[in-house]
$ cat entry.pdb   # PDB, C-alpha atoms
ATOM      1  CA  GLY A1235      -0.983 -16.841  -1.536
ATOM      2  CA  ALA A1236      -0.830 -13.708   0.544
ATOM      3  CA  GLY A1237      -0.863 -11.285  -2.347
ATOM      4  CA  VAL A1238      -1.767 -10.864  -5.999
ATOM      5  CA  SER A1239       0.551 -12.868  -8.188
ATOM      6  CA  GLN A1240       1.300 -11.969 -11.791
ATOM      7  CA  THR A1241       3.199 -14.106 -14.243
ATOM      8  CA  PRO A1242       5.474 -13.749 -16.018
ATOM      9  CA  SER A1243       7.192 -10.810 -14.381
ATOM     10  CA  ASN A1244       8.841  -9.937 -17.674
ATOM     11  CA  LYS A1245       7.864 -10.814 -21.222
ATOM     12  CA  VAL A1246       9.667  -9.904 -24.426
ATOM     13  CA  THR A1247       7.848 -10.675 -27.638
ATOM     14  CA  GLU A1248       8.168  -9.868 -31.302
ATOM     15  CA  LYS A1249       5.807  -7.496 -33.030
ATOM     16  CA  GLY A1250       2.797  -9.372 -34.352
ATOM     17  CA  LYS A1251       2.945 -12.203 -31.830
ATOM     18  CA  TYR A1252       0.244 -13.237 -29.368
ATOM     19  CA  VAL A1253       0.808 -12.992 -25.607
ATOM     20  CA  GLU A1254      -1.033 -14.043 -22.480
ATOM     21  CA  LEU A1255      -0.535 -12.438 -19.100
ATOM     22  CA  ARG A1256      -1.771 -14.205 -15.983
ATOM     23  CA  CYS A1257      -3.134 -12.847 -12.716
ATOM     24  CA  ASP A1258      -3.786 -14.865  -9.557
ATOM     25  CA  PRO A1259      -5.866 -12.692  -7.224
ATOM     26  CA  ILE A1260      -6.140 -12.980  -3.470
ATOM     27  CA  SER A1261      -8.343 -15.927  -2.580
ATOM     28  CA  GLY A1262     -11.921 -14.829  -2.008
ATOM     29  CA  HIS A1263     -11.595 -11.493  -3.780
ATOM     30  CA  THR A1264     -14.538 -11.206  -6.121
ATOM     31  CA  ALA A1265     -13.381  -8.112  -8.015
ATOM     32  CA  LEU A1266     -10.405  -8.153 -10.369
ATOM     33  CA  TYR A1267      -8.955  -5.256 -12.346
ATOM     34  CA  TRP A1268      -6.428  -4.927 -15.128
ATOM     35  CA  TYR A1269      -4.454  -1.748 -15.669
ATOM     36  CA  ARG A1270      -1.490  -0.878 -17.819
ATOM     37  CA  GLN A1271       1.169   1.669 -17.030
ATOM     38  CA  SER A1272       3.511   3.407 -19.424
ATOM     39  CA  LEU A1273       6.691   5.074 -18.245
ATOM     40  CA  GLY A1274       5.993   8.259 -16.310
ATOM     41  CA  GLN A1275       2.231   7.791 -16.362
ATOM     42  CA  GLY A1276      -0.287   6.624 -13.807
ATOM     43  CA  PRO A1277      -1.975   3.252 -14.237
ATOM     44  CA  GLU A1278      -4.581   3.250 -17.019
ATOM     45  CA  PHE A1279      -7.751   1.212 -16.442
ATOM     46  CA  LEU A1280      -8.400  -1.606 -18.912
ATOM     47  CA  ILE A1281     -11.087  -3.970 -17.613
ATOM     48  CA  TYR A1282     -12.902  -4.945 -14.425
ATOM     49  CA  PHE A1283     -14.337  -8.341 -13.527
ATOM     50  CA  GLN A1284     -16.996  -8.986 -10.946
ATOM     51  CA  GLY A1285     -16.878 -12.748 -10.499
ATOM     52  CA  THR A1286     -16.635 -14.388 -13.904
ATOM     53  CA  GLY A1287     -18.131 -11.576 -15.933
ATOM     54  CA  ALA A1288     -16.542  -8.444 -17.298
ATOM     55  CA  ALA A1289     -18.471  -5.694 -15.531
ATOM     56  CA  ASP A1290     -16.635  -2.900 -17.354
ATOM     57  CA  ASP A1291     -14.335  -3.336 -20.350
ATOM     58  CA  SER A1292     -14.454   0.270 -21.478
ATOM     59  CA  GLY A1293     -10.708   0.720 -21.016
ATOM     60  CA  LEU A1294      -9.614  -1.916 -23.508
ATOM     61  CA  PRO A1295      -7.929   0.092 -26.286
ATOM     62  CA  ASN A1296      -9.057  -2.053 -29.227
ATOM     63  CA  ASP A1297     -10.212  -5.529 -30.189
ATOM     64  CA  ARG A1298      -6.677  -6.951 -30.016
ATOM     65  CA  PHE A1299      -7.064  -6.935 -26.244
ATOM     66  CA  PHE A1300      -9.226  -9.490 -24.478
ATOM     67  CA  ALA A1301      -9.431 -10.803 -20.940
ATOM     68  CA  VAL A1302     -11.132 -13.768 -19.301
ATOM     69  CA  ARG A1303     -11.820 -15.006 -15.810
ATOM     70  CA  PRO A1304     -13.628 -18.291 -16.412
ATOM     71  CA  GLU A1305     -13.928 -19.544 -12.830
ATOM     72  CA  GLY A1306     -14.037 -16.229 -11.034
ATOM     73  CA  SER A1307     -10.500 -16.504  -9.772
ATOM     74  CA  VAL A1308      -7.486 -16.505 -12.111
ATOM     75  CA  SER A1309      -7.633 -14.066 -14.988
ATOM     76  CA  THR A1310      -5.739 -13.958 -18.262
ATOM     77  CA  LEU A1311      -5.177 -10.857 -20.349
ATOM     78  CA  LYS A1312      -4.668 -11.731 -23.990
ATOM     79  CA  ILE A1313      -3.120  -9.484 -26.595
ATOM     80  CA  GLN A1314      -3.203 -10.420 -30.263
ATOM     81  CA  ARG A1315      -0.919  -9.092 -32.999
ATOM     82  CA  THR A1316       1.184  -7.169 -30.521
ATOM     83  CA  GLU A1317       2.502  -3.748 -31.484
ATOM     84  CA  ARG A1318       5.450  -1.812 -30.110
ATOM     85  CA  GLY A1319       2.988   0.624 -28.528
ATOM     86  CA  ASP A1320       1.676  -2.198 -26.340
ATOM     87  CA  SER A1321       4.946  -2.160 -24.397
ATOM     88  CA  ALA A1322       4.100  -1.270 -20.804
ATOM     89  CA  VAL A1323       3.742  -2.712 -17.325
ATOM     90  CA  TYR A1324       0.439  -4.564 -17.019
ATOM     91  CA  LEU A1325      -0.923  -4.457 -13.480
ATOM     92  CA  CYS A1326      -3.594  -6.625 -11.937
ATOM     93  CA  ALA A1327      -5.478  -5.810  -8.741
ATOM     94  CA  SER A1328      -8.134  -7.565  -6.725
ATOM     95  CA  SER A1329     -10.508  -6.550  -3.965
ATOM     96  CA  LEU A1330     -13.614  -7.538  -2.092
ATOM     97  CA  THR A1331     -16.723  -5.929  -3.489
ATOM     98  CA  PRO A1332     -18.919  -4.101  -1.019
ATOM     99  CA  VAL A1333     -22.361  -2.872  -1.918
ATOM    100  CA  LEU A1334     -21.184   0.508  -0.800
ATOM    101  CA  GLY A1335     -17.850   1.663   0.409
ATOM    102  CA  HIS A1336     -14.402   0.734  -0.711
ATOM    103  CA  TYR A1337     -12.033  -2.037   0.048
ATOM    104  CA  GLY A1338      -8.533  -1.092  -0.924
ATOM    105  CA  TYR A1339      -7.296  -2.648  -4.106
ATOM    106  CA  THR A1340      -4.352  -5.014  -3.704
ATOM    107  CA  PHE A1341      -2.081  -4.797  -6.722
ATOM    108  CA  GLY A1342       0.409  -7.277  -8.026
ATOM    109  CA  SER A1343       3.891  -6.225  -9.059
ATOM    110  CA  GLY A1344       2.942  -6.341 -12.703
ATOM    111  CA  THR A1345       4.168  -7.919 -15.912
ATOM    112  CA  ARG A1346       6.601  -5.813 -17.917
ATOM    113  CA  LEU A1347       5.777  -6.426 -21.576
ATOM    114  CA  THR A1348       8.277  -5.382 -24.208
ATOM    115  CA  VAL A1349       7.373  -5.695 -27.868
ATOM    116  CA  VAL A1350      10.390  -5.581 -30.163
TER     117      VAL A1350
ATOM    118  CA  ASP B 331     -15.204  11.084 -12.133
ATOM    119  CA  ALA B 332     -13.949  14.534 -11.158
ATOM    120  CA  LYS B 333     -10.395  15.449 -12.084
ATOM    121  CA  THR B 334      -7.682  16.096  -9.549
ATOM    122  CA  THR B 335      -4.657  18.352  -9.720
ATOM    123  CA  GLN B 336      -1.461  17.495  -7.882
ATOM    124  CA  PRO B 337       2.042  18.938  -7.959
ATOM    125  CA  THR B 338       4.365  16.926 -10.147
ATOM    126  CA  SER B 339       6.986  16.472  -7.461
ATOM    127  CA  MET B 340       7.881  17.352  -3.872
ATOM    128  CA  ASP B 341      10.796  16.850  -1.516
ATOM    129  CA  CYS B 342      10.631  16.214   2.200
ATOM    130  CA  ALA B 343      13.350  15.830   4.813
ATOM    131  CA  GLU B 344      13.446  12.504   6.595
ATOM    132  CA  GLY B 345      11.628  12.655   9.942
ATOM    133  CA  ARG B 346       9.569  15.681   8.975
ATOM    134  CA  ALA B 347       5.898  15.701   8.041
ATOM    135  CA  ALA B 348       5.141  15.352   4.356
ATOM    136  CA  ASN B 349       2.064  17.310   3.274
ATOM    137  CA  LEU B 350       0.805  16.375  -0.167
ATOM    138  CA  PRO B 351      -1.893  18.646  -1.606
ATOM    139  CA  CYS B 352      -4.639  17.773  -4.041
ATOM    140  CA  ASN B 353      -7.185  20.009  -5.733
ATOM    141  CA  HIS B 354     -10.541  18.576  -6.756
ATOM    142  CA  SER B 355     -12.667  21.657  -7.285
ATOM    143  CA  THR B 356     -15.335  19.845  -9.346
ATOM    144  CA  ILE B 357     -15.920  17.033  -6.857
ATOM    145  CA  SER B 358     -19.524  15.896  -6.553
ATOM    146  CA  GLY B 359     -21.382  15.378  -3.312
ATOM    147  CA  ASN B 360     -21.282  11.595  -3.597
ATOM    148  CA  GLU B 361     -17.586  11.357  -4.510
ATOM    149  CA  TYR B 362     -14.923  10.304  -2.052
ATOM    150  CA  VAL B 363     -11.245  11.221  -2.024
ATOM    151  CA  TYR B 364      -8.813   8.295  -2.223
ATOM    152  CA  TRP B 365      -5.063   8.168  -1.884
ATOM    153  CA  TYR B 366      -2.794   5.464  -3.210
ATOM    154  CA  ARG B 367       0.961   5.382  -3.535
ATOM    155  CA  GLN B 368       3.330   3.501  -5.801
ATOM    156  CA  ILE B 369       6.834   2.647  -4.769
ATOM    157  CA  HIS B 370       9.291   2.027  -7.592
ATOM    158  CA  SER B 371       8.772  -1.323  -9.374
ATOM    159  CA  GLN B 372       5.703  -2.177  -7.315
ATOM    160  CA  GLY B 373       1.971  -1.894  -7.868
ATOM    161  CA  PRO B 374       0.029   0.935  -6.199
ATOM    162  CA  GLN B 375      -0.842   0.567  -2.529
ATOM    163  CA  TYR B 376      -4.008   1.842  -0.853
ATOM    164  CA  ILE B 377      -3.402   4.470   1.831
ATOM    165  CA  ILE B 378      -6.639   6.093   2.961
ATOM    166  CA  HIS B 379      -9.943   7.530   1.784
ATOM    167  CA  GLY B 380     -12.610   9.923   3.083
ATOM    168  CA  LEU B 381     -15.750  11.871   2.244
ATOM    169  CA  LYS B 382     -15.752  15.057   4.299
ATOM    170  CA  ASN B 383     -14.427  14.280   7.734
ATOM    171  CA  ASN B 384     -10.742  14.076   8.426
ATOM    172  CA  GLU B 385      -9.473  10.525   8.540
ATOM    173  CA  THR B 386      -6.444   8.926  10.165
ATOM    174  CA  ASN B 387      -4.992   5.449  10.025
ATOM    175  CA  GLU B 388      -1.650   3.839  10.742
ATOM    176  CA  MET B 389      -0.189   5.122   7.496
ATOM    177  CA  ALA B 390      -1.396   8.685   7.155
ATOM    178  CA  SER B 391      -3.951  11.400   7.847
ATOM    179  CA  LEU B 392      -6.326  12.893   5.324
ATOM    180  CA  ILE B 393      -7.513  16.461   5.762
ATOM    181  CA  ILE B 394     -10.415  17.544   3.544
ATOM    182  CA  THR B 395     -11.420  21.202   3.388
ATOM    183  CA  GLU B 396     -14.920  22.151   4.429
ATOM    184  CA  ASP B 397     -15.939  22.930   0.844
ATOM    185  CA  ARG B 398     -14.335  19.620  -0.234
ATOM    186  CA  LYS B 399     -12.541  21.285  -3.103
ATOM    187  CA  SER B 400      -9.125  20.253  -1.882
ATOM    188  CA  SER B 401      -7.423  17.853   0.475
ATOM    189  CA  THR B 402      -4.032  17.131   1.983
ATOM    190  CA  LEU B 403      -2.432  13.802   2.709
ATOM    191  CA  ILE B 404      -0.115  13.968   5.691
ATOM    192  CA  LEU B 405       2.653  11.508   6.438
ATOM    193  CA  PRO B 406       3.553  12.598   9.970
ATOM    194  CA  HIS B 407       7.154  11.378  10.084
ATOM    195  CA  ALA B 408       8.399  10.652   6.595
ATOM    196  CA  THR B 409      11.022   7.960   6.116
ATOM    197  CA  LEU B 410      13.122   7.051   3.106
ATOM    198  CA  ARG B 411      10.699   4.179   2.445
ATOM    199  CA  ASP B 412       7.936   6.724   1.848
ATOM    200  CA  THR B 413       9.630   7.836  -1.370
ATOM    201  CA  ALA B 414       6.986   7.037  -3.987
ATOM    202  CA  VAL B 415       4.424   8.478  -6.387
ATOM    203  CA  TYR B 416       1.266   9.486  -4.526
ATOM    204  CA  TYR B 417      -2.050   9.458  -6.359
ATOM    205  CA  CYS B 418      -5.119  11.452  -5.308
ATOM    206  CA  ILE B 419      -8.328  10.093  -6.856
ATOM    207  CA  VAL B 420     -11.962  11.119  -6.543
ATOM    208  CA  ARG B 421     -14.602   8.518  -7.150
ATOM    209  CA  VAL B 422     -18.139   7.621  -6.213
ATOM    210  CA  ASN B 423     -18.098   5.188  -3.334
ATOM    211  CA  SER B 424     -19.409   2.259  -5.295
ATOM    212  CA  GLY B 425     -17.830  -1.141  -5.581
ATOM    213  CA  ASN B 426     -18.516  -1.126  -9.312
ATOM    214  CA  THR B 427     -16.563   1.956 -10.298
ATOM    215  CA  PRO B 428     -12.904   1.358 -11.076
ATOM    216  CA  LEU B 429     -10.295   3.791  -9.819
ATOM    217  CA  VAL B 430      -8.956   6.237 -12.387
ATOM    218  CA  PHE B 431      -5.349   7.284 -11.744
ATOM    219  CA  GLY B 432      -3.731  10.544 -12.813
ATOM    220  CA  LYS B 433       0.004  11.210 -12.860
ATOM    221  CA  GLY B 434       0.325  11.778  -9.110
ATOM    222  CA  THR B 435       3.001  13.534  -7.076
ATOM    223  CA  ARG B 436       6.495  12.117  -6.916
ATOM    224  CA  LEU B 437       7.587  12.487  -3.272
ATOM    225  CA  SER B 438      11.286  12.226  -2.566
ATOM    226  CA  VAL B 439      12.233  11.828   1.090
ATOM    227  CA  ILE B 440      15.760  13.050   1.610
ATOM    228  CA  ALA B 441      18.096  11.944   4.390
TER     229      ALA B 441
END
$ encode --input "entry.pdb" --output "structure tokens"
Amino acid sequence: GAGVSQTPSNKVTEKGKYVELRCDPISGHTALYWYRQSLGQGPEFLIYFQGTGAADDSGLPNDRFFAVRPEGSVSTLKIQRTERGDSAVYLCASSLTPVLGHYGYTFGSGTRLTVV
Amino acid sequence: DAKTTQPTSMDCAEGRAANLPCNHSTISGNEYVYWYRQIHSQGPQYIIHGLKNNETNEMASLIITEDRKSSTLILPHATLRDTAVYYCIVRVNSGNTPLVFGKGTRLSVIA
């Protein structure tokens, strides 16, 4: 597709349940990023993939959060034992990866997760 | 990454230039200044970035002071569609360093 696609756009789940959020990056983009955004705040970095490997997962808040990108394209963010504090918009972005310089990140529209 | 300071909110009349300031007094020599914006219910969108020279593209101009401790993003003729939160970010220019967003400036363009 032309942009970054995230599914579902909205997800309501009960406290304690497991959820998976999917990101389809732009074809050919080697870098993929997950962020989450709470109301009134800027996006908060979670994890960055370069190809299939997690190059930086320092933003994951705890071990309930996990993300994979097995074939270097689609990525899934997995949250176990969801808590009400996990409610947020989860954003995915992709970009080319230069040795130096910066290619603008292209963000998806996000998945709004609500834990009730 | 160095921290940035931006006003919480600003208003601008439609058709006028919007000048969004950003302070980054602790910026390092190898850190660039990036601007992104986020329109309501969408993901952030890249606008422009620069090191020390002024930069211009089809969306905006970026003016960086000579000491690099502050910068201004200029939207030359603001429209209602420019209403968004604008984020100023400083970051080393490496493909392996994720962007770190602050709270940004909420720009309201008024008809």
$ closest_residue --input "entry.pdb" --among "B:Val420, B:Ile440, B:Ile393, B:Leu381" --to "Leu350 (chain B)" --atoms "only C-alpha atoms"
B:Ile393
$ residues_around --input "entry.pdb" --residues "Glu1248 (chain A)" --least-positions-apart "4" --cutoff "9 Å" --atoms "only C-alpha atoms" --output "PDB file with C-alpha atoms, in the frame of the given file"
ATOM      1  CA  TYR A1252       0.244 -13.237 -29.368  1.00  0.00           C
ATOM      2  CA  THR A1316       1.184  -7.169 -30.521  1.00  0.00           C
ATOM      3  CA  GLU A1317       2.502  -3.748 -31.484  1.00  0.00           C
ATOM      4  CA  ARG A1318       5.450  -1.812 -30.110  1.00  0.00           C
ATOM      5  CA  THR A1348       8.277  -5.382 -24.208  1.00  0.00           C
ATOM      6  CA  VAL A1349       7.373  -5.695 -27.868  1.00  0.00           C
ATOM      7  CA  VAL A1350      10.390  -5.581 -30.163  1.00  0.00           C
TER       8      VAL A1350
END
$ closest_atom_pairs --input "entry.pdb" --of "chain A" --to "chain B" --cutoff "12 Å" --atoms "only C-alpha atoms" --output "CSV"
residue,atom,partner,partner_atom,distance
A:Gly1237,CA,B:Gly373,CA,11.3
A:Val1238,CA,B:Gly373,CA,9.9
A:Ser1239,CA,B:Gly373,CA,11.1
A:Gln1240,CA,B:Gly373,CA,10.8
A:Ser1243,CA,B:Ser371,CA,10.8
A:Asn1244,CA,B:Ser371,CA,12.0
A:Thr1264,CA,B:Gly425,CA,10.6
A:Ala1265,CA,B:Gly425,CA,8.6
A:Leu1266,CA,B:Pro428,CA,9.9
A:Tyr1267,CA,B:Pro428,CA,7.8
A:Trp1268,CA,B:Pro428,CA,9.9
A:Tyr1269,CA,B:Val430,CA,9.7
A:Arg1270,CA,B:Gly373,CA,10.6
A:Gln1271,CA,B:Gly373,CA,9.9
A:Ser1272,CA,B:Lys433,CA,10.8
A:Leu1273,CA,B:Lys433,CA,10.6
A:Gly1274,CA,B:Lys433,CA,7.5
A:Gln1275,CA,B:Lys433,CA,5.4
A:Gly1276,CA,B:Lys433,CA,4.7
A:Pro1277,CA,B:Phe431,CA,5.8
A:Glu1278,CA,B:Phe431,CA,6.7
A:Phe1279,CA,B:Val430,CA,6.6
A:Leu1280,CA,B:Pro428,CA,9.5
A:Ile1281,CA,B:Pro428,CA,8.6
A:Tyr1282,CA,B:Pro428,CA,7.1
A:Phe1283,CA,B:Asn426,CA,9.3
A:Gln1284,CA,B:Asn426,CA,8.2
A:Gly1285,CA,B:Asn426,CA,11.8
A:Ala1288,CA,B:Asn426,CA,11.0
A:Ala1289,CA,B:Asn426,CA,7.7
A:Asp1290,CA,B:Asn426,CA,8.4
A:Asp1291,CA,B:Pro428,CA,10.5
A:Ser1292,CA,B:Pro428,CA,10.6
A:Gly1293,CA,B:Pro428,CA,10.2
A:Val1323,CA,B:Ser371,CA,9.5
A:Tyr1324,CA,B:Gly373,CA,9.7
A:Leu1325,CA,B:Gly373,CA,6.8
A:Cys1326,CA,B:Gly373,CA,8.4
A:Ala1327,CA,B:Gly373,CA,8.5
A:Ser1328,CA,B:Pro428,CA,11.0
A:Ser1329,CA,B:Gly425,CA,9.2
A:Leu1330,CA,B:Gly425,CA,8.4
A:Thr1331,CA,B:Gly425,CA,5.3
A:Pro1332,CA,B:Gly425,CA,5.5
A:Val1333,CA,B:Gly425,CA,6.1
A:Leu1334,CA,B:Ser424,CA,5.1
A:Gly1335,CA,B:Asn423,CA,5.1
A:His1336,CA,B:Gly425,CA,6.2
A:Tyr1337,CA,B:Gly425,CA,8.1
A:Gly1338,CA,B:Tyr376,CA,5.4
A:Tyr1339,CA,B:Tyr376,CA,6.4
A:Thr1340,CA,B:Gln375,CA,6.7
A:Phe1341,CA,B:Gly373,CA,5.1
A:Gly1342,CA,B:Gly373,CA,5.6
A:Ser1343,CA,B:Gln372,CA,4.8
A:Gly1344,CA,B:Gly373,CA,6.6
A:Thr1345,CA,B:Gly373,CA,10.3
A:Arg1346,CA,B:Ser371,CA,9.9
$ resolve_selection --input "entry.pdb" --expression "the PyMOL selection byres ((chain B and resi 396) around 12)" --output "compact mmCIF listing (two decimals) with C-alpha atoms, keeping the file's coordinate frame"
# COMPACT_ATOMS: atom_id res chain seq x y z
CA SER B 355 -12.67 21.66 -7.28
CA LEU B 381 -15.75 11.87 2.24
CA LYS B 382 -15.75 15.06 4.30
CA ASN B 383 -14.43 14.28 7.73
CA ASN B 384 -10.74 14.08 8.43
CA ILE B 393 -7.51 16.46 5.76
CA ILE B 394 -10.42 17.54 3.54
CA THR B 395 -11.42 21.20 3.39
CA ASP B 397 -15.94 22.93 0.84
CA ARG B 398 -14.34 19.62 -0.23
CA LYS B 399 -12.54 21.28 -3.10
CA SER B 400 -9.12 20.25 -1.88
CA SER B 401 -7.42 17.85 0.48
$ residues_around --input "entry.pdb" --residues "Glu1305 (chain A)" --least-positions-apart "3" --cutoff "10 Å" --atoms "only C-alpha atoms" --output "VMD selection string"
chain A and resid 1285 to 1287 1302 1308 to 1309
$ decode --input "entry.pdb" --residues "region 343-364 of chain B" --atoms "N, CA and C atoms" --output "CSV table (one decimal), in the first residue's frame"
chain,number,residue,atom,x,y,z
B,343,ALA,N,-3.4,33.7,12.5
B,343,ALA,CA,-4.5,34.0,11.6
B,343,ALA,C,-4.2,33.4,10.3
B,344,GLU,N,-5.3,32.9,9.7
B,344,GLU,CA,-5.2,32.2,8.4
B,344,GLU,C,-4.6,33.2,7.4
B,345,GLY,N,-3.6,32.7,6.6
B,345,GLY,CA,-3.0,33.5,5.5
B,345,GLY,C,-1.7,34.2,6.0
B,346,ARG,N,-1.6,34.3,7.3
B,346,ARG,CA,-0.4,34.9,7.9
B,346,ARG,C,0.7,33.8,8.1
B,347,ALA,N,1.9,34.3,8.3
B,347,ALA,CA,3.0,33.4,8.6
B,347,ALA,C,2.9,32.9,10.1
B,348,ALA,N,3.1,31.6,10.3
B,348,ALA,CA,3.2,31.0,11.6
B,348,ALA,C,4.6,30.8,11.9
B,349,ASN,N,5.1,31.4,13.1
B,349,ASN,CA,6.5,31.2,13.5
B,349,ASN,C,6.5,30.5,14.8
B,350,LEU,N,7.0,29.2,14.7
B,350,LEU,CA,7.0,28.4,15.9
B,350,LEU,C,8.4,28.3,16.5
B,351,PRO,N,8.6,28.8,17.7
B,351,PRO,CA,10.0,28.8,18.3
B,351,PRO,C,10.3,27.5,19.0
B,352,CYS,N,11.6,27.2,19.1
B,352,CYS,CA,12.1,26.0,19.9
B,352,CYS,C,13.4,26.4,20.5
B,353,ASN,N,13.5,26.1,21.8
B,353,ASN,CA,14.8,26.3,22.4
B,353,ASN,C,15.5,24.9,22.6
B,354,HIS,N,16.8,24.9,22.3
B,354,HIS,CA,17.5,23.6,22.5
B,354,HIS,C,18.9,24.0,22.9
B,355,SER,N,19.0,24.7,24.1
B,355,SER,CA,20.3,25.3,24.5
B,355,SER,C,21.4,24.3,24.8
B,356,THR,N,21.1,23.0,25.0
B,356,THR,CA,22.1,22.0,25.3
B,356,THR,C,22.4,21.1,24.1
B,357,ILE,N,22.1,21.6,22.9
B,357,ILE,CA,22.3,20.8,21.7
B,357,ILE,C,23.8,20.5,21.5
B,358,SER,N,24.1,19.3,21.1
B,358,SER,CA,25.5,19.0,20.8
B,358,SER,C,25.8,19.2,19.3
B,359,GLY,N,27.1,19.3,19.0
B,359,GLY,CA,27.6,19.6,17.7
B,359,GLY,C,27.1,18.6,16.6
B,360,ASN,N,26.9,17.4,17.0
B,360,ASN,CA,26.5,16.4,16.0
B,360,ASN,C,24.9,16.1,16.0
B,361,GLU,N,24.2,17.0,16.7
B,361,GLU,CA,22.7,16.8,16.7
B,361,GLU,C,22.0,17.7,15.8
B,362,TYR,N,21.1,17.2,15.1
B,362,TYR,CA,20.2,17.9,14.1
B,362,TYR,C,18.9,18.4,14.8
B,363,VAL,N,18.3,19.3,14.2
B,363,VAL,CA,17.0,19.8,14.7
B,363,VAL,C,15.9,19.2,13.7
B,364,TYR,N,14.9,18.6,14.2
B,364,TYR,CA,13.9,18.0,13.4
B,364,TYR,C,12.5,18.6,13.8
